[in-house]
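Notes follow once the structure below has been shown.
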Amino acid sequence: MKKIYMYVLDTMADWENGYLLQGLTLQKMAGKSQYELQTVSTSKKAIKTSGGVTIVPDITIEEIDETKAGALLLIGADTWQDQSNQKILELSKSFLEKNILVAAICGATLGLASKGILNSYHHTSNALFFLKGSPNYQGEKYYEDKIAVMDRNLITASSAGSLLWARYILENLELYSKETIEAWYNYFSSEKFECLRRKTLMINEIIFMEIRLLGEFCQKYKMSRAAANALFSKYKIWQYIESCYDIFHINGDEYNLDEISTVLKAKGAIS
């Protein structure tokens, strides 16, 4: 099985890899794992992320097996200028030369810039001036003012590009079909995510409210479930419950039943 090596270091921005980690878990749903994630660092000493999470690395840099490497992930941090990160940056250069994927986000792009790696790849970062502070950076003509950029086997992103960055990684590794990755990306994109969120709520929560209200309606109006269901369908009460869910779920069923009754009475469906 191929390895995805994720370099971890003190002050690592542990939220920037969140989308990617979720995307990798889909391998279990597919019933077949092609890649295994391993955390790697300069030693096996625990590191502390910017969010306060303690991570004990799985392996050291010296234990990386390039023959099994599928990708190297470099997450943003405030410590990329530290001398201790030179080994992983040298390895990044080696990976790129061997056509192994390297993906860097946020502050990690500054690390790549310091090694001159971005001088021959289209790339992005938090800002152009952010990279120009590095004396070895001469890649201004390749800089793109985008949240994420993929050029051959190098993927870079700004601090705002973690979702697109993750998408490019999944696409590069060909983990899933294009359709699956597109659906996954759309799910986490804000507008479409909200639509899917409401559908999920309907499946997991709203349907239980509908069942309760239908039962109470039948009891109050001495009506069979079949007759009440037909009435609710005819007068779009199911849709009404869903559209009012944000209000209904904080009120009791008695209040909600009164609201439904008012709607049906206004339509002349009940008296």
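Just so we're on the same page: first chain in the structure tokens is A, next is B, and so on; residues restart at 1 for each chain, and ligands are numbered from 1 in the order they show up.
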Discussion item. Among range 133-249 of chain A, which ones does DSSP assign to strand (DSSP E) (computed from the backbone)? Answer as a VMD selection string.
Written reply: chain A and resid 148 to 151 154 to 157
Selected residues written out, C-alpha atoms, as a PDB file, in the first residue's frame:
ATOM      1  CA  ALA A 148      -4.968  26.839  -4.828  1.00  0.00           C
ATOM      2  CA  VAL A 149      -2.854  25.880  -7.843  1.00  0.00           C
ATOM      3  CA  MET A 150      -1.836  22.503  -9.255  1.00  0.00           C
ATOM      4  CA  ASP A 151       1.133  22.295 -11.608  1.00  0.00           C
ATOM      5  CA  LEU A 154       3.154  20.197  -7.046  1.00  0.00           C
ATOM      6  CA  ILE A 155       0.027  21.564  -5.359  1.00  0.00           C
ATOM      7  CA  THR A 156       0.102  24.813  -3.427  1.00  0.00           C
ATOM      8  CA  ALA A 157      -2.582  26.762  -1.611  1.00  0.00           C
TER       9      ALA A 157
END
Worksheet item: Taking only C-alpha atoms into account, which of A:Thr54, A:Leu164, A:Gly139, A:Ala127 comes nearest Asn186 in chain A?
Response: A:Leu164
Do a neighbour search on Thr180 in chain A at 12 Å with only C-alpha atoms, toss out local chain neighbours closer than 4 positions, and write the hits as a compact mmCIF listing (two decimals) with C-alpha atoms, in the first residue's frame.
# COMPACT_ATOMS: atom_id res chain seq x y z
CA GLY A 23 -11.68 12.86 2.00
CA LEU A 26 -13.94 7.72 1.97
CA GLN A 27 -11.55 4.91 1.07
CA MET A 29 -16.65 3.43 2.22
CA ALA A 30 -15.27 2.38 -1.14
CA ARG A 167 -9.64 18.33 -4.04
CA LEU A 170 -7.57 13.59 -4.34
CA GLU A 171 -7.65 14.17 -8.11
CA GLU A 174 -6.87 9.33 -8.53
CA LEU A 175 -8.37 8.03 -5.32
CA TYR A 176 -11.94 8.21 -6.57
CA TRP A 184 -17.53 15.50 -2.38
CA TYR A 185 -16.27 18.99 -3.23
CA ASN A 186 -19.77 20.32 -3.79
CA TYR A 187 -20.92 18.88 -0.48
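Nearest residue to Ile117 in chain A among A:Glu140, A:Ala226, A:Ile181, A:Lys93 is A:Lys93, counting only C-alpha atoms.
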Discussion item. I'd like the interatomic distance between CA of Leu89 in chain A and CA of Thr109 in chain A, to a tenth of an Å.
Written reply: 10.3 Å
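Using only C-alpha atoms, the shortest contact distance between Gly111 in chain A and any of A:Ser261, A:Lys141, A:Asn99, A:Ile75 is found at A:Ile75.
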Discussion item. Env of Lys68 in chain A: 10 Å cut, atoms = only C-alpha atoms, seq-sep filter 5 positions within chain, self excluded. Answer as a list in words.
Written reply: Met1, Lys2, Lys3, Ile4, Tyr5 and Tyr35 of chain A
I need the residues from that last selection saved to file as a short mmCIF file (atom, residue, chain, number, x, y, z; two decimals), in the first residue's frame (with C-alpha atoms), if you can.
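Contents of again-v9.cif, as written:
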data_model
loop_
_atom_site.label_atom_id
_atom_site.label_comp_id
_atom_site.auth_asym_id
_atom_site.auth_seq_id
_atom_site.Cartn_x
_atom_site.Cartn_y
_atom_site.Cartn_z
CA MET A 1 0.00 0.00 0.00
CA LYS A 2 1.25 3.48 -0.89
CA LYS A 3 1.92 6.00 1.87
CA ILE A 4 0.79 9.59 2.22
CA TYR A 5 3.37 11.22 4.45
CA TYR A 35 -3.17 4.90 0.57
#
Worksheet item: Where in range 91-251 of chain A does DSSP assign alpha helix (DSSP H), given as a ChimeraX atom specification?
Response: /A:91-97,108-114,128-132,162-173,178-188,190-201,207-221,225-234,237-243,245-248
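In this comparison, which uses only C-alpha atoms, the residue of A:Leu214, A:Leu24, A:Ile47, A:Ile147 approaching Ala228 in chain A most closely is A:Leu214.
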Fill in: All residues 12 Å or closer to range 210-212 of chain A, only C-alpha atoms, same chain fewer than 3 positions away omitted, as a PyMOL selection string
chain A and resi 202-207+215-219+225+228-229+232-233+237-242+244-245+248-249+252-254+256-257+260
Store the residues of this selection in a file with C-alpha atoms, as a compact mmCIF listing (two decimals), in the first residue's frame.
# COMPACT_ATOMS: atom_id res chain seq x y z
CA MET A 202 -35.00 15.75 6.91
CA ILE A 203 -33.77 12.16 6.77
CA ASN A 204 -32.41 12.09 10.32
CA GLU A 205 -34.76 14.39 12.21
CA ILE A 206 -37.65 15.92 10.29
CA ILE A 207 -39.13 12.58 9.33
CA GLY A 215 -50.18 10.50 14.71
CA GLU A 216 -51.32 13.39 16.88
CA PHE A 217 -53.35 14.85 14.01
CA CYS A 218 -55.12 11.51 13.51
CA GLN A 219 -55.93 11.31 17.22
CA ARG A 225 -53.42 7.51 8.98
CA ALA A 228 -54.50 12.08 7.10
CA ASN A 229 -51.51 11.25 4.90
CA PHE A 232 -51.14 16.25 4.18
CA SER A 233 -49.97 15.36 0.68
CA ILE A 237 -48.24 19.89 4.71
CA TRP A 238 -45.13 17.71 4.46
CA GLN A 239 -43.34 20.51 2.62
CA TYR A 240 -44.72 23.00 5.14
CA ILE A 241 -43.24 21.04 8.05
CA GLU A 242 -39.86 20.88 6.31
CA CYS A 244 -40.76 25.46 9.08
CA TYR A 245 -38.34 23.02 10.67
CA PHE A 248 -40.85 23.79 14.66
CA HIS A 249 -37.88 21.98 16.20
CA GLY A 252 -43.50 21.58 21.14
CA ASP A 253 -45.62 19.27 19.03
CA GLU A 254 -48.79 20.88 20.43
CA ASN A 256 -46.78 22.72 15.71
CA LEU A 257 -50.05 20.80 15.43
CA ILE A 260 -50.78 22.81 10.82
Item to complete: Record the distance separating CA of Leu20 in chain A and CA of Ser84 in chain A, expressed in Å with one decimal.
Response: 25.5 Å
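Residue nearest Gln38 in chain A, chosen from A:Glu63, A:Glu144, A:Glu97, A:Asp246 and counting only C-alpha atoms: A:Glu63.
Here CA of Ala13 in chain A is placed at a distance of 5.4 Å from CA of Ser50 in chain A.
Using only C-alpha atoms, the shortest contact distance between Ala160 in chain A and any of A:Ile105, A:Ala269, A:Ile100, A:Leu74 is found at A:Ile105.
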Worksheet item: So which residues touch range 15-17 of chain A within 8 Å, counting only C-alpha atoms, skipping near sequence neighbours fewer than 5 positions away, as a PyMOL selection string?
Response: chain A and resi 51+75-76+105+159+162+166
Could you write those residues out with C-alpha atoms, as an mmCIF file, in the first residue's frame?
data_model
loop_
_atom_site.group_PDB
_atom_site.id
_atom_site.type_symbol
_atom_site.label_atom_id
_atom_site.label_comp_id
_atom_site.auth_asym_id
_atom_site.auth_seq_id
_atom_site.Cartn_x
_atom_site.Cartn_y
_atom_site.Cartn_z
ATOM 1 C CA GLY A 51 -4.844 24.548 17.867
ATOM 2 C CA ILE A 75 0.921 21.956 6.371
ATOM 3 C CA GLY A 76 1.162 25.619 7.307
ATOM 4 C CA ILE A 105 -0.385 24.999 2.021
ATOM 5 C CA SER A 159 -4.572 29.657 4.011
ATOM 6 C CA SER A 162 -7.750 24.101 2.059
ATOM 7 C CA ALA A 166 -7.672 18.793 -0.817
#
